[in-house]
Amino acid sequence: MKLATKYHGEVEIHDNEIITFEKGIPGFEEEKNFVIIPYDNKSPFYILQSTKNEELAFITVDIFTFYSDYYYDLSKNDIELLQVSDPADVITLGIVTVKEELNNSTVNLYAPLVINLNKKLGKQIILLESGFNVRTPLFVKST
């Protein structure tokens with residue numbers, strides 16, 4: 001089917017690409033279905049695009065690409081909700097706040113998007129006592 005997107009115009013998607021967020025994403029609870037679209041072939045960025053609202057699209061990254069030591073535990077409830085049987089089926093995306101100067105962009109490590117690619121189920125989890133920040137620098141500045 002054709003999908004109007006915020007960043008890529010009209011794209012062709014298949015039903016098996018749609019990821020369901022049963023409870024939506026906090027602040028966008030009415031939006032349940034999204035697709036992941038690579039920003040481009042050379043970029044580590046992905047777009048999490050609503051299938052219902054062309055203007056609702058989040059720029060994301062695989063958190064482990066930028067923070068290889070990132071760690072969290074899924075609760076039993078989240079494991080059941082996402083139907084996780086193999087951790088290899090799960091990706092962890094962080095929503096990026098892109099700044100005019102790209103090197104100043106930040107990523108939300110406090111509330112990652114956890115997606116079971118095999119089952120096409122997703123949830124944004126909140127890591128309450130993790131010490132992670134909502135606005136963590138995406139690019140670590142070298143000294």
# chains A, B, ... in the order shown; residues from 1 in each chain; ligands from 1
call {"tool": "residues_around", "arguments": {"residues": "stretch 84-93 of chain A", "least_positions_apart": "2", "cutoff": "10 Å", "atoms": "only C-alpha atoms", "output": "number ranges by chain"}}
result
A: 45-46, 48, 59-65, 70, 74, 76, 78-82, 95-96, 107-109, 111-124
call {"tool": "residues_around", "arguments": {"residues": "A:Asn104", "least_positions_apart": "2", "cutoff": "9 Å", "atoms": "only C-alpha atoms", "output": "list in words"}}
result
Val98, Lys99, Glu100, Glu101, Leu102, Thr106, Pro137, Leu138 and Phe139 of chain A
call {"tool": "select_by_dssp", "arguments": {"residues": "chain A", "states": "alpha helix (DSSP H)", "output": "ChimeraX atom specification"}}
result
/A:63-66,76-82
call {"tool": "write_last_selection", "arguments": {"atoms": "C-alpha atoms", "output": "PDB file, in the first residue's frame"}}
result
ATOM      1  CA  ILE A  63      20.936   3.221  20.573  1.00  0.00           C
ATOM      2  CA  PHE A  64      23.620   0.520  20.583  1.00  0.00           C
ATOM      3  CA  THR A  65      25.208   2.064  17.473  1.00  0.00           C
ATOM      4  CA  PHE A  66      26.145   5.097  19.568  1.00  0.00           C
ATOM      5  CA  LYS A  76       7.965  -9.540  32.747  1.00  0.00           C
ATOM      6  CA  ASN A  77       4.933  -7.560  31.628  1.00  0.00           C
ATOM      7  CA  ASP A  78       6.897  -5.942  28.787  1.00  0.00           C
ATOM      8  CA  ILE A  79       8.346  -9.301  27.729  1.00  0.00           C
ATOM      9  CA  GLU A  80       4.809 -10.694  27.557  1.00  0.00           C
ATOM     10  CA  LEU A  81       3.371  -7.626  25.813  1.00  0.00           C
ATOM     11  CA  LEU A  82       6.134  -7.665  23.198  1.00  0.00           C
TER      12      LEU A  82
END
call {"tool": "atom_distance", "arguments": {"atom1": "atom CA of A:Ile37", "atom2": "atom CA of A:Gly9"}}
result
11.7 Å
call {"tool": "closest_residue", "arguments": {"among": "A:Thr20, A:Glu30, A:Asp40, A:Gly94", "to": "A:Tyr67", "atoms": "only C-alpha atoms"}}
result
A:Gly94
call {"tool": "atom_distance", "arguments": {"atom1": "atom CA of A:Phe58", "atom2": "atom CA of A:Lys42"}}
result
18.2 Å
call {"tool": "select_by_dssp", "arguments": {"residues": "stretch 16-59 of chain A", "states": "strand (DSSP E)", "output": "JSON, numbers by chain"}}
result
{"A": [19, 20, 33, 34, 35, 36, 37, 38, 45, 46, 47, 48, 49, 50, 57, 58, 59]}
call {"tool": "closest_residue", "arguments": {"among": "A:Ile125, A:Val140, A:Val35, A:Met1", "to": "A:Lys23", "atoms": "only C-alpha atoms"}}
result
A:Ile125
